[in-house]
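Visitor: Questions regarding the structure given below will be posed in turn.
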Amino acid sequence: LRYVDGQVHALVDLDPAVRRGLPDSVHRMRVACRRLRSTLRSYRAVLEREVTDPIREELKWLGGELGAERDQEVLMEGLGVRIGASPPELVLGPVEARLQAWHVSRSSEARQRTLDALASPRYLALLNSLATLTQQPPLRRKAGRKPEKVMVKAILKEYARLAGRVAHALELSPGTERDAALHQARKAAKKTRYATEPARASLGKPVKRLGKRVKAVQKVLGDHQDTVVARDALRHLALAAHAAGEPGFTWGLVYGQEQAVAEGRERELPTAWADASKPGLRKALVH
């Protein structure tokens, strides 16, 4: 409950910064939404689902509205760095101008989407629901049991789901199906890591260690997903450039760089997962 209350306060405190468009504010508010959603899911044995499930749905909605702006920020930053680092002789055509025009158009729409969400009655209703949740928590019987049992069980359940997602992704051949499976594994890694965070005060070093190893897996998977999104954007930019009679060489060059990063992250994943799946980590948590 302390953890949930802290995330609710983070969300509310970030509201003015998001409205003003301050750097990193949208990202931080979105993360608070994700942490809340994940915690309410992982610890539904402690908090009544009839109350928390509707709140989770509304947090999903808010995170989705914020996501458009944040995803565009990340995408533009990554593509800008790639093109900026390219030798001038390999930047053929009005690449930077097209990229900037595309970003302005996309970011303007995404920004308006964020502001519309924060001005909506739906958002105000969500804030009221979160306030009620922290003031009158819908505790279940397991809330009175020892954290060493209840919290460990919740964490291991998320971990088992992560293990299944990673195993499935590693069985697939490179391609769109594997990309989708790796993205699902990434989301499972986030949920597992977020499940460890409220338990740190009660479970100590073993849960911190597990969270750190899972975060490393999440990082590898996150870098891979960033390349999936970037490659899709690059393909559309290349098509638009081609339709306008502009050279497509630079877009293809950057696409190849993103492809190489993706392949590198796929090679790193087995090692990162081996560190996070060592039996000693789970054994220390259980004991």
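We name chains A, B, ... following the order of the structure tokens; residues begin at 1 in each chain, and ligands are numbered from 1 as shown.
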Report as a ChimeraX atom specification all protein, DNA and RNA residues lying within 12 Å of Val229 (chain A), evaluated on only C-alpha atoms, omitting residues in the same chain fewer than 3 positions from it.
Guide: /A:71-72,74-76,78-79,176,179-180,183,222-226,232-236,255,258-259,262
Visitor: Output N, CA and C atoms for every residue in that selection, as a PDB file, in the first residue's frame.
Guide:
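File produced: part_24.pdb:
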```pdb
ATOM      1  N   ASP A  71       6.472   7.794 -27.212  1.00  0.00           N
ATOM      2  CA  ASP A  71       7.064   6.946 -28.244  1.00  0.00           C
ATOM      3  C   ASP A  71       7.647   7.779 -29.383  1.00  0.00           C
ATOM      4  N   GLN A  72       6.964   8.868 -29.716  1.00  0.00           N
ATOM      5  CA  GLN A  72       7.477   9.740 -30.772  1.00  0.00           C
ATOM      6  C   GLN A  72       8.772  10.423 -30.334  1.00  0.00           C
ATOM      7  N   VAL A  74      11.047   9.221 -28.236  1.00  0.00           N
ATOM      8  CA  VAL A  74      12.121   8.222 -28.266  1.00  0.00           C
ATOM      9  C   VAL A  74      12.533   7.921 -29.695  1.00  0.00           C
ATOM     10  N   LEU A  75      11.543   7.768 -30.565  1.00  0.00           N
ATOM     11  CA  LEU A  75      11.815   7.439 -31.956  1.00  0.00           C
ATOM     12  C   LEU A  75      12.606   8.545 -32.649  1.00  0.00           C
ATOM     13  N   MET A  76      12.170   9.779 -32.455  1.00  0.00           N
ATOM     14  CA  MET A  76      12.853  10.902 -33.097  1.00  0.00           C
ATOM     15  C   MET A  76      14.281  11.048 -32.580  1.00  0.00           C
ATOM     16  N   GLY A  78      16.247   8.681 -31.433  1.00  0.00           N
ATOM     17  CA  GLY A  78      17.077   7.623 -31.983  1.00  0.00           C
ATOM     18  C   GLY A  78      17.416   7.838 -33.446  1.00  0.00           C
ATOM     19  N   LEU A  79      16.414   8.190 -34.255  1.00  0.00           N
ATOM     20  CA  LEU A  79      16.658   8.404 -35.680  1.00  0.00           C
ATOM     21  C   LEU A  79      17.536   9.628 -35.903  1.00  0.00           C
ATOM     22  N   THR A 176       9.178 -11.432 -38.074  1.00  0.00           N
ATOM     23  CA  THR A 176       8.129 -10.661 -37.415  1.00  0.00           C
ATOM     24  C   THR A 176       7.492 -11.415 -36.246  1.00  0.00           C
ATOM     25  N   ASP A 179       9.858 -11.134 -33.387  1.00  0.00           N
ATOM     26  CA  ASP A 179       9.834  -9.759 -32.885  1.00  0.00           C
ATOM     27  C   ASP A 179       8.655  -9.557 -31.937  1.00  0.00           C
ATOM     28  N   ALA A 180       7.483 -10.049 -32.342  1.00  0.00           N
ATOM     29  CA  ALA A 180       6.283  -9.917 -31.500  1.00  0.00           C
ATOM     30  C   ALA A 180       6.442 -10.686 -30.199  1.00  0.00           C
ATOM     31  N   HIS A 183       8.689  -8.851 -27.848  1.00  0.00           N
ATOM     32  CA  HIS A 183       7.983  -7.715 -27.255  1.00  0.00           C
ATOM     33  C   HIS A 183       7.118  -8.180 -26.083  1.00  0.00           C
ATOM     34  N   GLY A 222      14.102  -4.271 -24.570  1.00  0.00           N
ATOM     35  CA  GLY A 222      13.658  -2.920 -24.886  1.00  0.00           C
ATOM     36  C   GLY A 222      14.430  -2.332 -26.051  1.00  0.00           C
ATOM     37  N   ASP A 223      15.750  -2.535 -26.062  1.00  0.00           N
ATOM     38  CA  ASP A 223      16.569  -2.052 -27.174  1.00  0.00           C
ATOM     39  C   ASP A 223      16.126  -2.709 -28.483  1.00  0.00           C
ATOM     40  N   HIS A 224      15.796  -3.993 -28.390  1.00  0.00           N
ATOM     41  CA  HIS A 224      15.342  -4.709 -29.585  1.00  0.00           C
ATOM     42  C   HIS A 224      14.021  -4.139 -30.089  1.00  0.00           C
ATOM     43  N   GLN A 225      13.080  -3.904 -29.187  1.00  0.00           N
ATOM     44  CA  GLN A 225      11.787  -3.365 -29.591  1.00  0.00           C
ATOM     45  C   GLN A 225      11.920  -1.968 -30.191  1.00  0.00           C
ATOM     46  N   ASP A 226      12.842  -1.184 -29.672  1.00  0.00           N
ATOM     47  CA  ASP A 226      13.081   0.148 -30.240  1.00  0.00           C
ATOM     48  C   ASP A 226      13.478   0.041 -31.712  1.00  0.00           C
ATOM     49  N   ASP A 232      10.147   0.193 -38.771  1.00  0.00           N
ATOM     50  CA  ASP A 232       8.833   0.444 -39.373  1.00  0.00           C
ATOM     51  C   ASP A 232       8.719   1.905 -39.817  1.00  0.00           C
ATOM     52  N   ALA A 233       9.165   2.817 -38.950  1.00  0.00           N
ATOM     53  CA  ALA A 233       9.125   4.240 -39.303  1.00  0.00           C
ATOM     54  C   ALA A 233      10.034   4.533 -40.498  1.00  0.00           C
ATOM     55  N   LEU A 234      11.207   3.941 -40.524  1.00  0.00           N
ATOM     56  CA  LEU A 234      12.145   4.165 -41.625  1.00  0.00           C
ATOM     57  C   LEU A 234      11.582   3.676 -42.954  1.00  0.00           C
ATOM     58  N   ARG A 235      10.874   2.579 -42.917  1.00  0.00           N
ATOM     59  CA  ARG A 235      10.266   2.063 -44.150  1.00  0.00           C
ATOM     60  C   ARG A 235       9.242   3.055 -44.690  1.00  0.00           C
ATOM     61  N   HIS A 236       8.406   3.605 -43.795  1.00  0.00           N
ATOM     62  CA  HIS A 236       7.406   4.569 -44.243  1.00  0.00           C
ATOM     63  C   HIS A 236       8.060   5.868 -44.742  1.00  0.00           C
ATOM     64  N   TYR A 255      18.239   1.947 -41.832  1.00  0.00           N
ATOM     65  CA  TYR A 255      17.467   0.716 -41.584  1.00  0.00           C
ATOM     66  C   TYR A 255      18.418  -0.457 -41.320  1.00  0.00           C
ATOM     67  N   GLU A 258      19.827  -0.279 -37.842  1.00  0.00           N
ATOM     68  CA  GLU A 258      18.858  -0.730 -36.847  1.00  0.00           C
ATOM     69  C   GLU A 258      18.723  -2.254 -36.866  1.00  0.00           C
ATOM     70  N   GLN A 259      18.766  -2.826 -38.058  1.00  0.00           N
ATOM     71  CA  GLN A 259      18.694  -4.282 -38.186  1.00  0.00           C
ATOM     72  C   GLN A 259      19.882  -4.939 -37.489  1.00  0.00           C
ATOM     73  N   ALA A 262      19.356  -4.915 -33.775  1.00  0.00           N
ATOM     74  CA  ALA A 262      18.378  -5.937 -33.397  1.00  0.00           C
ATOM     75  C   ALA A 262      19.026  -7.313 -33.325  1.00  0.00           C
TER      76      ALA A 262
END
```
Visitor: Write out as a list in words the residues lying within 7 Å of Pro247 (chain A), counting only C-alpha atoms and excluding same-chain residues fewer than 4 positions away.
Guide: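 In the requested form, the answer reads Leu92, Gly93, Ala241 and His242 of chain A.
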Visitor: Could you please take those selected residues and save N, CA and C atoms as an mmCIF file, in the first residue's frame?
Guide:
```
data_model
loop_
_atom_site.group_PDB
_atom_site.id
_atom_site.type_symbol
_atom_site.label_atom_id
_atom_site.label_comp_id
_atom_site.auth_asym_id
_atom_site.auth_seq_id
_atom_site.Cartn_x
_atom_site.Cartn_y
_atom_site.Cartn_z
ATOM 1 N N LEU A 92 22.013 11.481 -48.552
ATOM 2 C CA LEU A 92 21.619 11.888 -49.890
ATOM 3 C C LEU A 92 20.182 12.378 -49.900
ATOM 4 N N GLY A 93 19.976 13.579 -50.379
ATOM 5 C CA GLY A 93 18.638 14.140 -50.444
ATOM 6 C C GLY A 93 18.287 14.916 -49.179
ATOM 7 N N ALA A 241 9.727 9.283 -49.317
ATOM 8 C CA ALA A 241 10.819 9.905 -50.062
ATOM 9 C C ALA A 241 10.817 9.425 -51.513
ATOM 10 N N HIS A 242 10.619 8.141 -51.705
ATOM 11 C CA HIS A 242 10.587 7.571 -53.058
ATOM 12 C C HIS A 242 9.450 8.185 -53.875
#
```
Visitor: Mind checking which residues fall within 12 Å of Val254 (chain A), counting only C-alpha atoms, ignoring those fewer than 4 positions away in the same chain, and posting them as number ranges by chain?
Guide: A: 78-87, 90-91, 95, 227, 230-235, 237-238, 248-250, 258-261
Visitor: Rank A:Arg141, A:Glu266, A:Ala185, A:Arg106 by their smallest atom-to-atom distance to Ser173 (chain A), using only C-alpha atoms, and report the top residue only.
Guide: A:Glu266
Visitor: Contacts of Gly6 (chain A) at 12 Å or less, counting only C-alpha atoms, minus same-chain residues fewer than 5 places along, as a list in words?
Guide: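 Listed by chain and then number, they are Leu1, Leu11, Val12, Asp13, Ala32, Cys33, Arg35, Leu36, Thr39, Leu130, Ala131, Thr134, Glu197 and Pro198 of chain A.
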Visitor: Mind dumping the selected residues with C-alpha atoms as a short mmCIF file (atom, residue, chain, number, x, y, z; two decimals), in the first residue's frame?
Guide:
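And here's part-v1.cif as it stands now:
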```
data_model
loop_
_atom_site.label_atom_id
_atom_site.label_comp_id
_atom_site.auth_asym_id
_atom_site.auth_seq_id
_atom_site.Cartn_x
_atom_site.Cartn_y
_atom_site.Cartn_z
CA LEU A 1 0.00 0.00 0.00
CA LEU A 11 1.31 10.53 -11.07
CA VAL A 12 -0.51 13.48 -9.49
CA ASP A 13 2.68 15.47 -8.90
CA ALA A 32 3.85 5.54 -12.82
CA CYS A 33 0.78 4.25 -14.68
CA ARG A 35 3.88 0.48 -12.09
CA LEU A 36 0.40 0.92 -10.65
CA THR A 39 1.27 -3.89 -8.87
CA LEU A 130 -6.96 6.19 -7.10
CA ALA A 131 -7.56 8.48 -4.12
CA THR A 134 -5.33 4.54 -1.16
CA GLU A 197 9.72 -3.28 -6.10
CA PRO A 198 6.99 -3.23 -3.39
#
```
Visitor: List as a list in words the protein and nucleic acid residues near Asp116 (chain A), meaning an atom at most 12 Å away when only C-alpha atoms are counted, but skip any in the same chain fewer than 4 places from it.
Guide: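 Close residues of Asp116 (chain A): Val18, Arg19, Leu62, Glu65, Leu66, Glu109, Ala110, Arg111, Gln112, Ser120, Pro121, Arg122, Tyr123 and Leu124 of chain A.
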Visitor: Restricting it to N, CA and C atoms, dump the selection as a PDB file, in the first residue's frame.
Guide:
```pdb
ATOM      1  N   VAL A  18       3.578  17.656 -17.061  1.00  0.00           N
ATOM      2  CA  VAL A  18       3.140  17.094 -18.340  1.00  0.00           C
ATOM      3  C   VAL A  18       2.352  18.132 -19.126  1.00  0.00           C
ATOM      4  N   ARG A  19       1.492  18.869 -18.442  1.00  0.00           N
ATOM      5  CA  ARG A  19       0.701  19.901 -19.123  1.00  0.00           C
ATOM      6  C   ARG A  19       1.600  20.984 -19.715  1.00  0.00           C
ATOM      7  N   LEU A  62      -4.954   5.618 -19.881  1.00  0.00           N
ATOM      8  CA  LEU A  62      -4.131   6.815 -19.706  1.00  0.00           C
ATOM      9  C   LEU A  62      -2.724   6.584 -20.233  1.00  0.00           C
ATOM     10  N   GLU A  65      -2.723   6.874 -23.969  1.00  0.00           N
ATOM     11  CA  GLU A  65      -2.803   8.257 -24.453  1.00  0.00           C
ATOM     12  C   GLU A  65      -1.459   8.970 -24.305  1.00  0.00           C
ATOM     13  N   LEU A  66      -0.776   8.735 -23.205  1.00  0.00           N
ATOM     14  CA  LEU A  66       0.549   9.334 -23.000  1.00  0.00           C
ATOM     15  C   LEU A  66       1.598   8.704 -23.915  1.00  0.00           C
ATOM     16  N   GLU A 109       0.247  15.933 -33.147  1.00  0.00           N
ATOM     17  CA  GLU A 109      -0.929  15.095 -32.900  1.00  0.00           C
ATOM     18  C   GLU A 109      -0.825  14.388 -31.553  1.00  0.00           C
ATOM     19  N   ALA A 110       0.356  13.867 -31.254  1.00  0.00           N
ATOM     20  CA  ALA A 110       0.559  13.147 -29.999  1.00  0.00           C
ATOM     21  C   ALA A 110       0.415  14.079 -28.802  1.00  0.00           C
ATOM     22  N   ARG A 111       0.948  15.304 -28.932  1.00  0.00           N
ATOM     23  CA  ARG A 111       0.850  16.278 -27.848  1.00  0.00           C
ATOM     24  C   ARG A 111      -0.604  16.621 -27.552  1.00  0.00           C
ATOM     25  N   GLN A 112      -1.378  16.823 -28.595  1.00  0.00           N
ATOM     26  CA  GLN A 112      -2.787  17.142 -28.411  1.00  0.00           C
ATOM     27  C   GLN A 112      -3.530  15.984 -27.763  1.00  0.00           C
ATOM     28  N   SER A 120      -9.907  15.501 -19.748  1.00  0.00           N
ATOM     29  CA  SER A 120     -11.143  14.732 -19.872  1.00  0.00           C
ATOM     30  C   SER A 120     -11.741  14.363 -18.512  1.00  0.00           C
ATOM     31  N   PRO A 121     -13.056  14.221 -18.435  1.00  0.00           N
ATOM     32  CA  PRO A 121     -13.700  13.721 -17.212  1.00  0.00           C
ATOM     33  C   PRO A 121     -13.217  12.317 -16.837  1.00  0.00           C
ATOM     34  N   ARG A 122     -12.837  11.552 -17.841  1.00  0.00           N
ATOM     35  CA  ARG A 122     -12.349  10.199 -17.578  1.00  0.00           C
ATOM     36  C   ARG A 122     -11.084  10.219 -16.724  1.00  0.00           C
ATOM     37  N   TYR A 123     -10.201  11.144 -17.008  1.00  0.00           N
ATOM     38  CA  TYR A 123      -8.965  11.276 -16.231  1.00  0.00           C
ATOM     39  C   TYR A 123      -9.266  11.704 -14.798  1.00  0.00           C
ATOM     40  N   LEU A 124     -10.168  12.658 -14.626  1.00  0.00           N
ATOM     41  CA  LEU A 124     -10.534  13.110 -13.277  1.00  0.00           C
ATOM     42  C   LEU A 124     -11.180  11.976 -12.485  1.00  0.00           C
TER      43      LEU A 124
END
```
Visitor: Which residue, A:Gln136, A:Ser42, A:Ser107, A:Ser277, has the smallest gap to Thr196 (chain A) when you use only C-alpha atoms?
Guide: A:Ser42
Visitor: In Å, rounded to a single decimal, give me how far CA of Val31 (chain A) is from CA of Leu172 (chain A).
Guide: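 Straight-line distance from CA of Leu172 (chain A) to CA of Val31 (chain A) works out to 29.7 Å.
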Visitor: Pick out the closest residue to Leu139 (chain A) from this set: A:Arg44, A:Lys283, A:Arg200, A:Arg178. Count only C-alpha atoms.
Guide: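 With only C-alpha atoms as the atom set, the closest residue is A:Arg44.
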Visitor: DSSP on the backbone: which residues in region 26-220 of chain A end up as alpha helix (DSSP H)? Give the answer as a ChimeraX atom specification.
Guide: /A:26-42,49-85,95-118,121-135,147-171,176-196,200-203,205-220
Visitor: Determine the nearest neighbour of Tyr159 (chain A) from the options A:Val26, A:Ala244, A:Ala276, A:Leu59, counting only C-alpha atoms.
Guide: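 That would be A:Ala276, the residue with the smallest distance to Tyr159 (chain A).
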Visitor: Enter the distance from CA of Gly252 (chain A) to CA of Leu182 (chain A), in Å, rounded to one decimal.
Guide: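 Computed distance, CA of Gly252 (chain A) to CA of Leu182 (chain A), equals 23.8 Å.
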Visitor: For Leu47 (chain A), work out the shell of residues within 9 Å, counting only C-alpha atoms and skipping chain neighbours fewer than 6 positions away, then give it as a ChimeraX atom specification.
Guide: /A:40,137-143
Visitor: Report the distance between CA of His9 (chain A) and CA of Glu77 (chain A) in Å, rounded to one decimal place.
Guide: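 Taking CA of His9 (chain A) and CA of Glu77 (chain A), their separation equals 28.9 Å.
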Visitor: Counting only C-alpha atoms, which residue out of A:Ala195, A:Ser108, A:Ala163, A:Leu118 sits closest to Arg37 (chain A)?
Guide: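 Of A:Ala195, A:Ser108, A:Ala163, A:Leu118, the one nearest Arg37 (chain A), counting only C-alpha atoms, is A:Ala195.
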Visitor: Pick out the residues sitting within 9 Å of Ser202 (chain A), and hand them over as an MDAnalysis selection string; count only C-alpha atoms, and ignore anything fewer than 2 positions along from it in its own chain.
Guide: chainID A and resid 147:148 151 198:200 204
Visitor: Write a file of the just-selected residues containing N, CA and C atoms, as a PDB file, in the first residue's frame.
Guide:
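To be explicit, this is the file written out as again.pdb:
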```pdb
ATOM      1  N   PRO A 147       4.380 -11.471   4.619  1.00  0.00           N
ATOM      2  CA  PRO A 147       4.836 -11.072   3.284  1.00  0.00           C
ATOM      3  C   PRO A 147       5.781 -12.084   2.655  1.00  0.00           C
ATOM      4  N   GLU A 148       6.521 -12.816   3.478  1.00  0.00           N
ATOM      5  CA  GLU A 148       7.457 -13.802   2.948  1.00  0.00           C
ATOM      6  C   GLU A 148       6.752 -14.878   2.131  1.00  0.00           C
ATOM      7  N   MET A 151       4.089 -12.328  -0.901  1.00  0.00           N
ATOM      8  CA  MET A 151       4.824 -11.552  -1.891  1.00  0.00           C
ATOM      9  C   MET A 151       5.732 -12.431  -2.743  1.00  0.00           C
ATOM     10  N   PRO A 198       7.673  -3.426  -4.680  1.00  0.00           N
ATOM     11  CA  PRO A 198       6.995  -3.233  -3.386  1.00  0.00           C
ATOM     12  C   PRO A 198       7.499  -4.185  -2.298  1.00  0.00           C
ATOM     13  N   ALA A 199       8.219  -5.247  -2.722  1.00  0.00           N
ATOM     14  CA  ALA A 199       8.645  -6.272  -1.769  1.00  0.00           C
ATOM     15  C   ALA A 199      10.036  -6.030  -1.197  1.00  0.00           C
ATOM     16  N   ARG A 200      10.712  -5.000  -1.644  1.00  0.00           N
ATOM     17  CA  ARG A 200      12.095  -4.807  -1.218  1.00  0.00           C
ATOM     18  C   ARG A 200      12.230  -4.594   0.282  1.00  0.00           C
ATOM     19  N   GLY A 204      14.180  -7.821   1.189  1.00  0.00           N
ATOM     20  CA  GLY A 204      15.593  -7.476   1.220  1.00  0.00           C
ATOM     21  C   GLY A 204      16.386  -7.812  -0.025  1.00  0.00           C
TER      22      GLY A 204
END
```
